[in-house]
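**Student:** I'd like to ask some things about the structure below.
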Amino acid sequence: MVRSFAKVVALTAIYLLALGQIQPGDILVGVLLAVLLVASARFIHSIPPTEGASPMGPALRRIAGLPALIGGTLVDIGRGSWTVAHYCLRKPPDAEPGTVTIPIGRSSPSSATTWGIRVGVSPDTVVVDVDERRGEMLLHVLDARDPDAVRADQRDSYERRQRRVFP
Amino acid sequence: MTAVTVALALPWVAGVVLVGFDGRRPTVAWLAVAALLADLVALVVLAIDVFTDGSIQVVTGSWPVGVGIVLRADALGLTFALLSVFVLLIATTAEAINGVRLRTFPGLVVLLATGLNGLFLTRDVFNFYVFFELSMIVSYVLTAYGGRTRQLRAALVFTSVNLLGSFLFLLSVAGTYRVSGTLLMSDVADRMTEVPANAALLIALGFFVAFSVKVGLFPFHFWLPTVYAGTRPAVAAILSGAVANIGAYGLLRFGVEVFEPQLESAATVLIVLGAASIVYGALLAASRGDPAEMLAYSTIGQIGYVLVAIGVGGPIGLTAAVLYSVINGLNKTLLFISAGQRGRLVATAFAVGAFSVAGVPPAVGFVGKLEMFRTALAANSATLVVLLFVGSALSLIYLFQVYQHVFWLRSGPVGESAIGEAWHENSPLPLRALMLVLAFVVLGAGVWPEPLLALSDTAVDALLRR
Amino acid sequence: MIAVPTVVLIPALIWMTLLLVGGGLVLIRARDAIRGLVALDMLAVLVISLLALLSYLRGQPYYFDAAVALSLLAFVSTVATARYLGSGGPFG
Amino acid sequence: MVRHPDVIVRGVARLLLTPSIAVAAALLVKGYAEVGDGFSAGMIISLTISLQYVAMGTSATERTLPLLRFSPALVLGGLLLALATAFFPLAWGEPPLSHKPGPGESVPTVGTLELFTPLAFDVAILLLVVGVLTTILHQFANTEPEEEVR
Amino acid sequence: MSAAHGAEIREPRDGSRRRAPATDWLGWVACAVAAVGFGLFLLAWSADGFSVSAPWAPSLGLRLSFSLDGLGALYALLATGIGALVFAYGSRYLPLHLEHEHRPAGERWRFWPWMVLFAASMAGLALAQDLVLLFVFFDLTAICSYFLIGFDRDRHEARTAAIASLIITVASAVAMLIAAALFYGRYGTFSIPELARIAESESTTTAAAALLAVAALAKSAQTPLHFWLPRAMAAPTPVSAYLHSAAMVAAGVLVLGRVHPLLALSDGVLTALSVVGTVSIVVGGVLALGQDRLKQVLAYSTISQYGYMVLLYGIGGAAGNGAAAFYVLVHGVAKSALFMTAGAVTMATGEDRLSRLSGLRRRMPVLAVASGVAAATLAALPLTSGFFKDELFFKAAYAAGPWQTAVALLAASLTFAYIGRFWTRLFLGRERVADAVGGTAEITSSALLVAPVVVLAVVAVLTGVVVQPFAGLAEAAGNVSNGGGVELSPAYHLDARPENLLAVSAWALGGLLLVGRRLSIRASRWLAALGQRWGPRRGYVESLRGLSALSGIVHDREVRTLRNSIAVVLVPAAILVGLAFAFTPGKRSYVVGTVSGNDWLVIALLALVIIATVAVTRSRARLPLVLTLAVVGFALAAVYAFFSEPDVALVAVTVETMITLVFLVAMARLPRHRREGSGVPPTAPELPYADPARENPRNLLAGLAAGVGMFLALWGSLSHPAREPYVSTDLLTLTPVAHGKDAVTVIVTDFRGLDTLGEITVLVIAGVGVATLLRRGRLW
Amino acid sequence: MISTLLDVLGAALLLLGLVLHTISLYGVLRLPTTYQQLHAQGLATGPGVIAILAASIATENAGIITFAVLAIVFVAITSPVSSHAIARAEHRRYRRRQRHADRLEQPRGEVSEE
Amino acid sequence: MNLAIAVTSSLLFGSGAYLLLQHELIRVTAGIMLISQSAVLMLIGSGLFRGGAPIAPTDGPVSDPVPQALALTALVIGLATVALLLALVSRVTTVFRSASRDELTTSEAEYERALADQRRLDRDEAT
Ligand code: NA
Ligand code: NA
């Protein structure tokens, strides 16, 4: 219920943002549209989403974790940008770019997706592949000399930011 | 006013509905025939109005002229619309009798009628392009009807060449808007006088080339033989009897109504190209082994006559052009469809068509030839007279060579000629009867040519009065 | 109406246009299709940025519609092309 | 080759489905006042659908979104709706595309949404565009069995 | 395959074959129609004829005007009278013929309707008073003769003869149409009597008259367009009999007689007629001397005989016109009888060559006598009307001058010689036919095949005694051609007047030729050989073959290099642009335009477009091509944004994305390039493919030409933006009225909604088309 | 006051965005492997464009800002996906080459864990 | 600006035309695509006045809306045509097992050769 409500709110917001107007009528139309979409989304997907592999926390708590997730990601972006900019401008002779396998556990698809996006949006890491079944993510980093450090780093950012929202 | 809209809306709605059904079912095919018949009736009603009370104009959305798109039914447009829808009706009926093999055929033909009607009704340069493209895109699909290698090759050649033509047209529309600031034909014509000769002529040329490609005028014709010989006879009839009218009509409408000075300055070129078409078409038709290919080259030659007439211009020339276009459309429909059939009735029908093309009375073609000779004499050109003479002599040779070979020697078609695919040792009787009916139309129009003559006279009046 | 100083905006617009041209050149000069794809993806983003700047300059949001559409779906063609390269067809 | 689906692309495709429809709706609604119209809205929805195809593959997409099967109906229905909007004035002898409420009459609105026939026209275009493009993708993606034999 | 077809047809088809009926009721119907027609015309003519005129195509001033004047009556009576006899003959001949050829009796439906139409159109032609009407009936006779000559369609010579007659007569008939158009252009009418009244002697008239003469001469098988006629004997005998005597060939001289007042306005045309007539007399006569086939002798005779009439029309005046009319009448009677004789003989003996037939007098006494009379008529012996035809001929020729007299003498002797040879070979001498048929065969001839000949012989003799009916009719006809003043008084004069002297000389000379037949035949064969090598027939065949060869060469060239090329559209178009550019003032036609503000950025983007476009043309593999296309699209979308066109930019980016996608899905269905071989997995990235056309400099040139041409056109129009007021300003003001703010959307949905309706229909058809092409029209 | 602040902030974000874009393009031009180019490209497609979109706050135009927010959200979601898709394609191509070619061609300077 | 647009548009057209002449059908389609772009650019270039976006204009000049509307239509038609052409190419490729046009030319020539007999028969009808 809360999830659906959140979706309705998000969709209404998107509608209103795209409309660039916030008249009461628009909100009404937006909500109607959003409700319709959310209702039909359940109906459209005849194959139910294969979620539920890991129990979801209470929705409100998850939403509350969102700012931290976004903020943390922003920090990651900043750091990553700095690294990449450096690398672009003067490629350090000692850096060895390469792929690193990150264990992500048997997470839900939404979690894996979020992880991928979160990691991918930061320029210093490129998600090469995600294997749900093996619970692995193949990541390309600019300096793969110490894969374990990379893994630890990723694990840490997951634990601290993402798990609360997308376990 | 309502009739104008109905003539447009009727086939439009019917076509859309029909496209959704499996056209291989006889019911659907006959519904398409009914829709075309209804459209023809609507056009006839409209034509009666127009011929008695003059042109009828509708502006979309009741906006002022030029803001809304102007649809104007006049004698010229209606002449071509009647001809085209009639040809579509015949071809579809033939195909319905034969058994439609393509799900979308009936719907597409009705939509083609929509495109053509729109094109012949509109007075807006860009709207003309839209309907033009609508008709053409249907043609592209229809060309591939049959799906065999020749049809596909034909479709590919047809599509690529004609797309080039269409975009050329669009570029010219852009140029027209740039120099005239309007899209309404009459306003464009008025504004064109202020445009420097160079720009105006080049824009007009763009239109000319686009239409020439469409009708298959020499030297823009190379796509035509493959296509006409490659597609099914009914489609070839549609292409040469209905779709090619776009070119002839366009040359008349744009040439005379919008770009008159340009037309006059390019008259010689037009006549030369038309003459070249006549000679080339007749020459190449003379040794073809495939009746459809012979007819295709013949079409190239016949278009030459229309162009010569337009080039000479004046009431006589333009009347001849309109008349000849109509006659040619009827002839080619008759010939293309009957070339694929066998039987005595069909042989007679083919012969009637052949006589008509050669200008032998009482088939209607002789009226066209007479008008053509009047045109050539009006142009004071012995060369043209000789050319027309040679053209008709050659047409006699190539048509009857094939006639005898096909209907007297009774040789079956060879290879994967499209006509071969539609070939029946014993064509269904209704089909043969249909051919005979069409042959009677061709004969009847020759025996009593007054309606056609009056039609083309009125059409040209409408064109010249503007 | 124009809030961001024009002194900054106009050079920015010029620079962005040049970047777009540069991006296009990178794509054209790309050694293989994947590299081209990298550039194509970037090109879409450059167009988004350009549209945004144009919007700031004119003080009208209208150019943003195209930008939003691009940000929403320009990547479809990138992903599809990548799929085409990876598995011979754009779908799946 | 073992097909192993790409979770990220799939997830994002699923994630963007409804928001892009919301954006498209906004483009449609504000079309008369601002940028956008039925066509661009339809394009956006079509692209979203094609994103599903890209992410999940043809058969999976068409299984998960059974509504897609109605695309041909959408095409013809959309066009018929457009034709109805264009030609309904014929009923009282007005030229085609005379929209209602006409010039000078007041238009009922809900927020930005204006309830008049141009909206119906735009909706028709949207439906049609979505239908056509989906159909085209479907056509290209599905090879006819008998054809493969030939 | 076609050979098998042909063979199958020659075999009688089971079930369809019925025994040829003894009487052909269809033929009798035809005969009755002709006879009734004859009776009606006779009645009408005795009541001083009639005249009707009704509007036909008022837009062109065409009238259906018919008049039973003298000329009309003469030809109408000839056509129906001889028609009735020939049809009666045919009603016996045709069943025999069909049975002989193992063809079903149903084929007579392909015979008699044409015969009746032939007679009817001949009658129509006789009565027509309007040039276009004349042309119509003129061509109708050609159509009838085409189908009748080609009646035996399984025989190659019948088919070629049919098409030859069609080509020659119909193509030359076009000259008549041109003449009609000329007269109409000059005098505003097609009516012959009116033209005869108002036409003046001038160049237009001369040209038109010459054209009319050409049409008539070709139809009357006059040299050099005579060669179609001997071949036309491939037709069944009734056709030949009719065609040579009263229909087809007679139509030519009928037209000469009809339009003679117009021809007479030009001395040149009359002289030309005389010359052509003379040549035809000589050529036809000499060739007739050496022919072996019965119908060939008669066919060349026809050429020669119509030469007489043409010569007479060339001489003109009261004497010439009257004599010509009389000549037609008598010749019709005699020639049809002779043809029917030939047919009866062939039908009875199975032989059609003089060299294999002789001495038939005993077996076919009646026929021998009757055809003897016909031959005598043609040879102008006294007691037949033939005598008078030559009398009038000599009279007119003598009056016209010495060389005409000489020609007349020669003509008459030739006629005497060849027709004498024909009859004597057939009926006199030792009976040889038994050998040919095999001795046991019974030579019998149906009475019905002989009776019409007898009737005609009787007519010839009767009118040889009482000439008045023929003379009166011919006089009336001559009056039409001459505009009055014709008085014919054919009679036997037992004195030494020039006509009689000439007649006697002609018989003597003809007798000499007959006796010295070896020499005359050698001369004839020599002329025939000359004709074979240099004659018009050879010219006709060679030009057809040449046409075919030339056509083949051009066509091969087209197929090999032009057909699938689009350059043949581009290059001529570019040349036309070049011409247009060259012939219009170029000064101040082109304006560079101003560049301001962010235009510089647009120019930078356009530069990108240009670079990307060039890259598209240079890219070797498919995928880079598509990606580069996307660059073009994105850069253009940016350009549209810079031009303050957010709607266009929005649609452009979405369309661009969609097109890339469609390209990809389509490409996924295409095979990888051929040279990659089979060892490569299907998902392997494609290798670059060297397109042979890519390296072709001609293509580059064609593209360049197209680009340059387009550049001139586009720059030209861009240089001259329209002056105010613009319709766009109206649209902008009306946008709020249409309840909108975005002018572009309002235009698209309201002002120009019809465009949009068309556009979305195009989109739908494209979708349907894709379905049609890929999945046979299954939409899902 | 706030307006000026926003102006300054906007200008700064704009400059940042431009710089990132520029470095990104430079990197894509300069770096040798696809993966490395993807990192460089990420500079523009991620932070670069977000910075420029964020600069919209300086316009103080609600319409523009709302759009910018929307665009940021979408860009943030989609741009990693395209990078990933490209990387995945590269990865597959690499693996396929490994499988099909007899000789293994290790990309220069790359370390692979597989 | 006139010159710039004319150059670009005609270059697009010329390049498209050049691609149309090539054998590979995908390139032919790309040629059509370029020509369509050329037409749209020319339509945009034919605008008679320029200024801000023609949306709720308050003051100052706006861009000519008519060519924009036309360009929209042209863009859609371009999309439709390219899709159809690609389907055609795809079908042709399936049938001919080649995406190259010289195959088509070859098969056309073969077909014409097969007609030689019929051609002789035609000619024999007249001579
Ligand atoms: Na990244
Ligand atoms: Na809008």
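Note on naming: chains are A, B, ... as they come in the structure tokens, residues start from 1 per chain, ligands start from 1 in the order shown.
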If we count only C-alpha atoms and set the cut-off at 10 Å, which residues sit around segment 120-123 of chain E, ignoring sequence neighbours fewer than 3 positions away in its own chain? Please answer as an NGL selection string.

**Tutor:** :E and (33-34 or 37-38 or 41 or 68 or 72-80 or 83 or 114-117 or 126-128 or 134 or 136-142 or 144 or 246-248 or 250-251 or 254)

**Student:** As a count of residues only, please: the residues near Leu11 of chain G (cut-off 10 Å, only C-alpha atoms, same-chain neighbours under 2 positions excluded).

**Tutor:** 25

**Student:** Please, which residues have at least one atom within 8 Å of an atom of ligand 2, using only C-alpha atoms and all ligand atoms, listed as a compact mmCIF listing (two decimals) with N, CA, C and O atoms, in the first residue's frame?

**Tutor:**
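Done, and the output landed in part-v1.txt:
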```txt
# COMPACT_ATOMS: atom_id res chain seq x y z
N LEU D 27 3.29 15.79 -22.04
CA LEU D 27 3.51 16.39 -23.36
C LEU D 27 2.20 16.52 -24.13
O LEU D 27 1.97 17.51 -24.82
N LYS D 30 -0.12 19.33 -22.35
CA LYS D 30 0.27 20.74 -22.53
C LYS D 30 0.51 21.08 -23.99
O LYS D 30 0.93 22.19 -24.32
N GLY D 31 0.28 20.09 -24.86
CA GLY D 31 0.62 20.26 -26.27
C GLY D 31 0.12 21.54 -26.89
O GLY D 31 0.83 22.19 -27.64
N TYR D 32 -1.10 21.94 -26.55
CA TYR D 32 -1.66 23.12 -27.20
C TYR D 32 -1.06 24.40 -26.66
O TYR D 32 -1.12 25.44 -27.30
N ALA D 33 -0.51 24.30 -25.44
CA ALA D 33 0.02 25.50 -24.82
C ALA D 33 1.53 25.58 -24.92
O ALA D 33 2.11 26.66 -24.93
N GLU D 34 2.15 24.43 -24.96
CA GLU D 34 3.61 24.43 -24.94
C GLU D 34 4.14 23.40 -25.92
O GLU D 34 3.39 22.84 -26.72
N VAL D 35 5.43 23.11 -25.75
CA VAL D 35 6.03 22.11 -26.61
C VAL D 35 5.35 20.76 -26.39
O VAL D 35 4.91 20.45 -25.28
N GLY D 36 5.29 20.01 -27.44
CA GLY D 36 4.74 18.67 -27.32
C GLY D 36 3.43 18.56 -28.06
O GLY D 36 2.77 19.56 -28.35
N ASP D 37 3.09 17.35 -28.38
CA ASP D 37 1.81 17.07 -29.01
C ASP D 37 1.62 15.57 -28.98
O ASP D 37 2.45 14.84 -28.41
N ASP E 647 9.52 22.32 -30.85
CA ASP E 647 8.68 21.19 -31.26
C ASP E 647 9.41 20.30 -32.25
O ASP E 647 9.41 19.07 -32.13
N LYS E 741 -1.69 28.11 -27.61
CA LYS E 741 -0.57 29.02 -27.41
C LYS E 741 0.58 28.64 -28.33
O LYS E 741 1.30 29.50 -28.82
N ASP E 742 0.77 27.33 -28.50
CA ASP E 742 1.86 26.89 -29.36
C ASP E 742 1.37 26.86 -30.81
O ASP E 742 0.59 26.00 -31.22
N ALA E 743 1.85 27.86 -31.55
CA ALA E 743 1.36 27.99 -32.93
C ALA E 743 1.61 26.72 -33.73
O ALA E 743 0.77 26.31 -34.54
N VAL E 744 2.75 26.10 -33.48
CA VAL E 744 3.08 24.92 -34.30
C VAL E 744 2.07 23.81 -34.07
O VAL E 744 1.57 23.20 -35.03
N THR E 745 1.77 23.56 -32.80
CA THR E 745 0.81 22.48 -32.53
C THR E 745 -0.57 22.82 -33.07
O THR E 745 -1.28 21.96 -33.58
N VAL E 746 -0.93 24.09 -32.94
CA VAL E 746 -2.25 24.47 -33.45
C VAL E 746 -2.30 24.29 -34.97
O VAL E 746 -3.30 23.81 -35.51
N ILE G 55 5.67 30.17 -29.22
CA ILE G 55 4.76 29.68 -28.19
C ILE G 55 4.39 30.85 -27.30
O ILE G 55 5.28 31.50 -26.71
```

**Student:** Would you kindly return, as a VMD selection string, each protein, DNA or RNA residue with an atom no farther than 7 Å from any atom of Leu48 of chain G, considering only C-alpha atoms and excluding same-chain residues fewer than 2 positions away?

**Tutor:** (chain B and resid 178) or (chain E and resid 721) or (chain G and resid 46 50 64)

**Student:** Save out the residues we just selected, N, CA and C atoms, as a short mmCIF file (atom, residue, chain, number, x, y, z; two decimals), in the first residue's frame.

**Tutor:**
```
data_model
loop_
_atom_site.label_atom_id
_atom_site.label_comp_id
_atom_site.auth_asym_id
_atom_site.auth_seq_id
_atom_site.Cartn_x
_atom_site.Cartn_y
_atom_site.Cartn_z
N ARG B 178 9.45 29.43 -49.37
CA ARG B 178 10.46 30.45 -49.11
C ARG B 178 10.25 31.68 -50.00
N PRO E 721 13.67 35.42 -50.00
CA PRO E 721 12.51 35.23 -49.13
C PRO E 721 11.36 36.12 -49.57
N SER G 46 13.57 27.41 -44.90
CA SER G 46 12.69 28.27 -45.68
C SER G 46 11.81 29.15 -44.79
N ARG G 50 12.73 34.88 -38.12
CA ARG G 50 13.23 34.13 -36.98
C ARG G 50 13.20 34.97 -35.71
N ASP G 64 9.09 31.56 -37.66
CA ASP G 64 7.97 31.22 -38.54
C ASP G 64 7.45 29.82 -38.19
#
```

**Student:** Env of Thr584 of chain E: 10 Å cut, atoms = only C-alpha atoms, seq-sep filter 4 positions within chain, self excluded. Answer as a list in words.

**Tutor:**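 The residues satisfying every condition are Pro196, Ala197, Asn198, Ala199, Ala200, Leu201, Leu202 and Ser265 of chain B; Leu579, Ala580 and Ser589 of chain E.
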
**Student:** Filtering to C-alpha atoms, could you give me those residues as a short mmCIF file (atom, residue, chain, number, x, y, z; two decimals), in the first residue's frame?

**Tutor:**
```cif
data_model
loop_
_atom_site.label_atom_id
_atom_site.label_comp_id
_atom_site.auth_asym_id
_atom_site.auth_seq_id
_atom_site.Cartn_x
_atom_site.Cartn_y
_atom_site.Cartn_z
CA PRO B 196 13.49 36.31 -59.88
CA ALA B 197 13.40 34.15 -62.96
CA ASN B 198 16.23 31.96 -61.85
CA ALA B 199 14.79 30.87 -58.53
CA ALA B 200 11.30 30.45 -59.92
CA LEU B 201 12.49 28.33 -62.80
CA LEU B 202 14.60 26.10 -60.59
CA SER B 265 9.85 29.35 -71.03
CA LEU E 579 20.12 24.40 -68.56
CA ALA E 580 17.70 26.36 -66.44
CA SER E 589 20.11 35.75 -58.05
#
```

**Student:** Can you pull out every residue within 9 Å of Thr617 of chain E, counting only C-alpha atoms, but drop anything in the same chain fewer than 6 positions away, and send it as a PyMOL selection string?

**Tutor:** (chain E and resi 625+694) or (chain G and resi 15-16+18-19+27+30-31)

**Student:** Within 7 Å of chain F, which residues belong to chain A? Use only C-alpha atoms and report them as a VMD selection string.

**Tutor:** chain A and resid 14 17 to 18 20 77 81 84 to 85 88 96 to 100 117 120 to 129

**Student:** Go ahead and write the residues just picked, N, CA and C atoms, as a PDB file, in the first residue's frame.

**Tutor:**
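The file below, result16.pdb, is the result:
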```pdb
ATOM      1  N   ILE A  14       6.421  13.388 -11.380  1.00  0.00           N
ATOM      2  CA  ILE A  14       7.035  13.392 -12.714  1.00  0.00           C
ATOM      3  C   ILE A  14       6.114  14.078 -13.720  1.00  0.00           C
ATOM      4  N   LEU A  17       6.170  17.749 -13.058  1.00  0.00           N
ATOM      5  CA  LEU A  17       7.446  18.326 -13.481  1.00  0.00           C
ATOM      6  C   LEU A  17       7.487  18.466 -15.002  1.00  0.00           C
ATOM      7  N   ALA A  18       7.039  17.421 -15.671  1.00  0.00           N
ATOM      8  CA  ALA A  18       7.077  17.469 -17.130  1.00  0.00           C
ATOM      9  C   ALA A  18       6.076  18.475 -17.670  1.00  0.00           C
ATOM     10  N   GLY A  20       5.239  21.215 -16.013  1.00  0.00           N
ATOM     11  CA  GLY A  20       5.712  22.551 -15.676  1.00  0.00           C
ATOM     12  C   GLY A  20       4.618  23.438 -15.114  1.00  0.00           C
ATOM     13  N   ILE A  77      30.191  10.217  -6.741  1.00  0.00           N
ATOM     14  CA  ILE A  77      30.347  10.836  -8.055  1.00  0.00           C
ATOM     15  C   ILE A  77      31.485  11.846  -8.017  1.00  0.00           C
ATOM     16  N   SER A  81      34.732  11.471 -10.136  1.00  0.00           N
ATOM     17  CA  SER A  81      35.020  12.454 -11.174  1.00  0.00           C
ATOM     18  C   SER A  81      36.452  12.947 -11.043  1.00  0.00           C
ATOM     19  N   VAL A  84      38.803  10.287 -12.275  1.00  0.00           N
ATOM     20  CA  VAL A  84      38.791  10.103 -13.718  1.00  0.00           C
ATOM     21  C   VAL A  84      39.395  11.307 -14.415  1.00  0.00           C
ATOM     22  N   ALA A  85      39.055  12.495 -13.942  1.00  0.00           N
ATOM     23  CA  ALA A  85      39.610  13.697 -14.561  1.00  0.00           C
ATOM     24  C   ALA A  85      41.128  13.642 -14.513  1.00  0.00           C
ATOM     25  N   CYS A  88      42.325  11.153 -16.972  1.00  0.00           N
ATOM     26  CA  CYS A  88      42.230  11.616 -18.355  1.00  0.00           C
ATOM     27  C   CYS A  88      43.339  12.596 -18.691  1.00  0.00           C
ATOM     28  N   GLU A  96      46.715   0.594 -13.160  1.00  0.00           N
ATOM     29  CA  GLU A  96      46.483  -0.532 -14.060  1.00  0.00           C
ATOM     30  C   GLU A  96      44.989  -0.790 -14.150  1.00  0.00           C
ATOM     31  N   PRO A  97      44.336  -0.295 -15.189  1.00  0.00           N
ATOM     32  CA  PRO A  97      42.889  -0.496 -15.302  1.00  0.00           C
ATOM     33  C   PRO A  97      42.563  -1.970 -15.496  1.00  0.00           C
ATOM     34  N   GLY A  98      41.440  -2.375 -14.997  1.00  0.00           N
ATOM     35  CA  GLY A  98      41.078  -3.778 -15.148  1.00  0.00           C
ATOM     36  C   GLY A  98      39.736  -4.069 -14.524  1.00  0.00           C
ATOM     37  N   THR A  99      39.307  -5.328 -14.687  1.00  0.00           N
ATOM     38  CA  THR A  99      38.002  -5.699 -14.142  1.00  0.00           C
ATOM     39  C   THR A  99      38.149  -6.396 -12.795  1.00  0.00           C
ATOM     40  N   VAL A 100      37.164  -6.140 -11.984  1.00  0.00           N
ATOM     41  CA  VAL A 100      37.167  -6.722 -10.639  1.00  0.00           C
ATOM     42  C   VAL A 100      35.800  -7.347 -10.417  1.00  0.00           C
ATOM     43  N   ILE A 117      23.229   0.955 -11.062  1.00  0.00           N
ATOM     44  CA  ILE A 117      23.084   2.382 -11.384  1.00  0.00           C
ATOM     45  C   ILE A 117      23.956   3.222 -10.465  1.00  0.00           C
ATOM     46  N   GLY A 120      27.413   2.747 -11.372  1.00  0.00           N
ATOM     47  CA  GLY A 120      27.691   3.177 -12.735  1.00  0.00           C
ATOM     48  C   GLY A 120      27.696   4.680 -12.900  1.00  0.00           C
ATOM     49  N   VAL A 121      26.907   5.369 -12.109  1.00  0.00           N
ATOM     50  CA  VAL A 121      26.796   6.808 -12.317  1.00  0.00           C
ATOM     51  C   VAL A 121      28.087   7.517 -11.917  1.00  0.00           C
ATOM     52  N   SER A 122      28.842   6.884 -11.119  1.00  0.00           N
ATOM     53  CA  SER A 122      30.146   7.454 -10.774  1.00  0.00           C
ATOM     54  C   SER A 122      31.144   7.071 -11.861  1.00  0.00           C
ATOM     55  N   PRO A 123      31.848   8.051 -12.381  1.00  0.00           N
ATOM     56  CA  PRO A 123      32.640   7.752 -13.575  1.00  0.00           C
ATOM     57  C   PRO A 123      33.821   6.813 -13.354  1.00  0.00           C
ATOM     58  N   ASP A 124      34.274   6.669 -12.141  1.00  0.00           N
ATOM     59  CA  ASP A 124      35.466   5.840 -11.973  1.00  0.00           C
ATOM     60  C   ASP A 124      35.169   4.347 -12.009  1.00  0.00           C
ATOM     61  N   THR A 125      33.895   4.005 -11.973  1.00  0.00           N
ATOM     62  CA  THR A 125      33.552   2.589 -12.030  1.00  0.00           C
ATOM     63  C   THR A 125      32.572   2.348 -13.169  1.00  0.00           C
ATOM     64  N   VAL A 126      32.849   1.302 -13.941  1.00  0.00           N
ATOM     65  CA  VAL A 126      31.950   0.941 -15.050  1.00  0.00           C
ATOM     66  C   VAL A 126      31.491  -0.490 -14.808  1.00  0.00           C
ATOM     67  N   VAL A 127      30.183  -0.658 -14.750  1.00  0.00           N
ATOM     68  CA  VAL A 127      29.656  -1.991 -14.526  1.00  0.00           C
ATOM     69  C   VAL A 127      29.714  -2.763 -15.845  1.00  0.00           C
ATOM     70  N   VAL A 128      30.482  -3.838 -15.843  1.00  0.00           N
ATOM     71  CA  VAL A 128      30.615  -4.608 -17.073  1.00  0.00           C
ATOM     72  C   VAL A 128      29.517  -5.652 -17.160  1.00  0.00           C
ATOM     73  N   ASP A 129      29.270  -6.313 -16.054  1.00  0.00           N
ATOM     74  CA  ASP A 129      28.247  -7.357 -16.110  1.00  0.00           C
ATOM     75  C   ASP A 129      27.717  -7.606 -14.707  1.00  0.00           C
TER      76      ASP A 129
END
```

**Student:** Quick one: of C:Leu37, C:Pro61, C:Met16, C:Val26, who's nearest to Ser49 of chain C, counting only C-alpha atoms?

**Tutor:**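 Closest to Ser49 of chain C, using only C-alpha atoms: C:Met16.
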
**Student:** In Å, with one decimal, what is the gap from atom CA of Leu211 of chain E to atom CA of Val269 of chain E?

**Tutor:** 9.5 Å

**Student:** Show me, as an MDAnalysis selection string, the residues of chain D whose atoms get within 6 Å of chain A, using only C-alpha atoms for the distance check.

**Tutor:** chainID D and resid 8 11 19 22:23 26 64:65 110:111

**Student:** Considering only C-alpha atoms, can you say which of D:Leu16, D:Pro89, D:Val130, D:Val7 comes closest to Arg69 of chain D?

**Tutor:**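 For Arg69 of chain D, the nearest of the candidates is D:Val130.
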
**Student:** Taking only C-alpha atoms into account, find every residue of chain C that has an atom no more than 9 Å from chain E, and write it out as a VMD selection string.

**Tutor:** chain C and resid 10 13 to 14 17 to 18 20 to 22 24 to 25 27 to 30 32 to 33 36 to 37 40 43 to 44 47 50 to 51 54 62 to 67 69 to 70 73 to 77 80 to 81 84 to 91
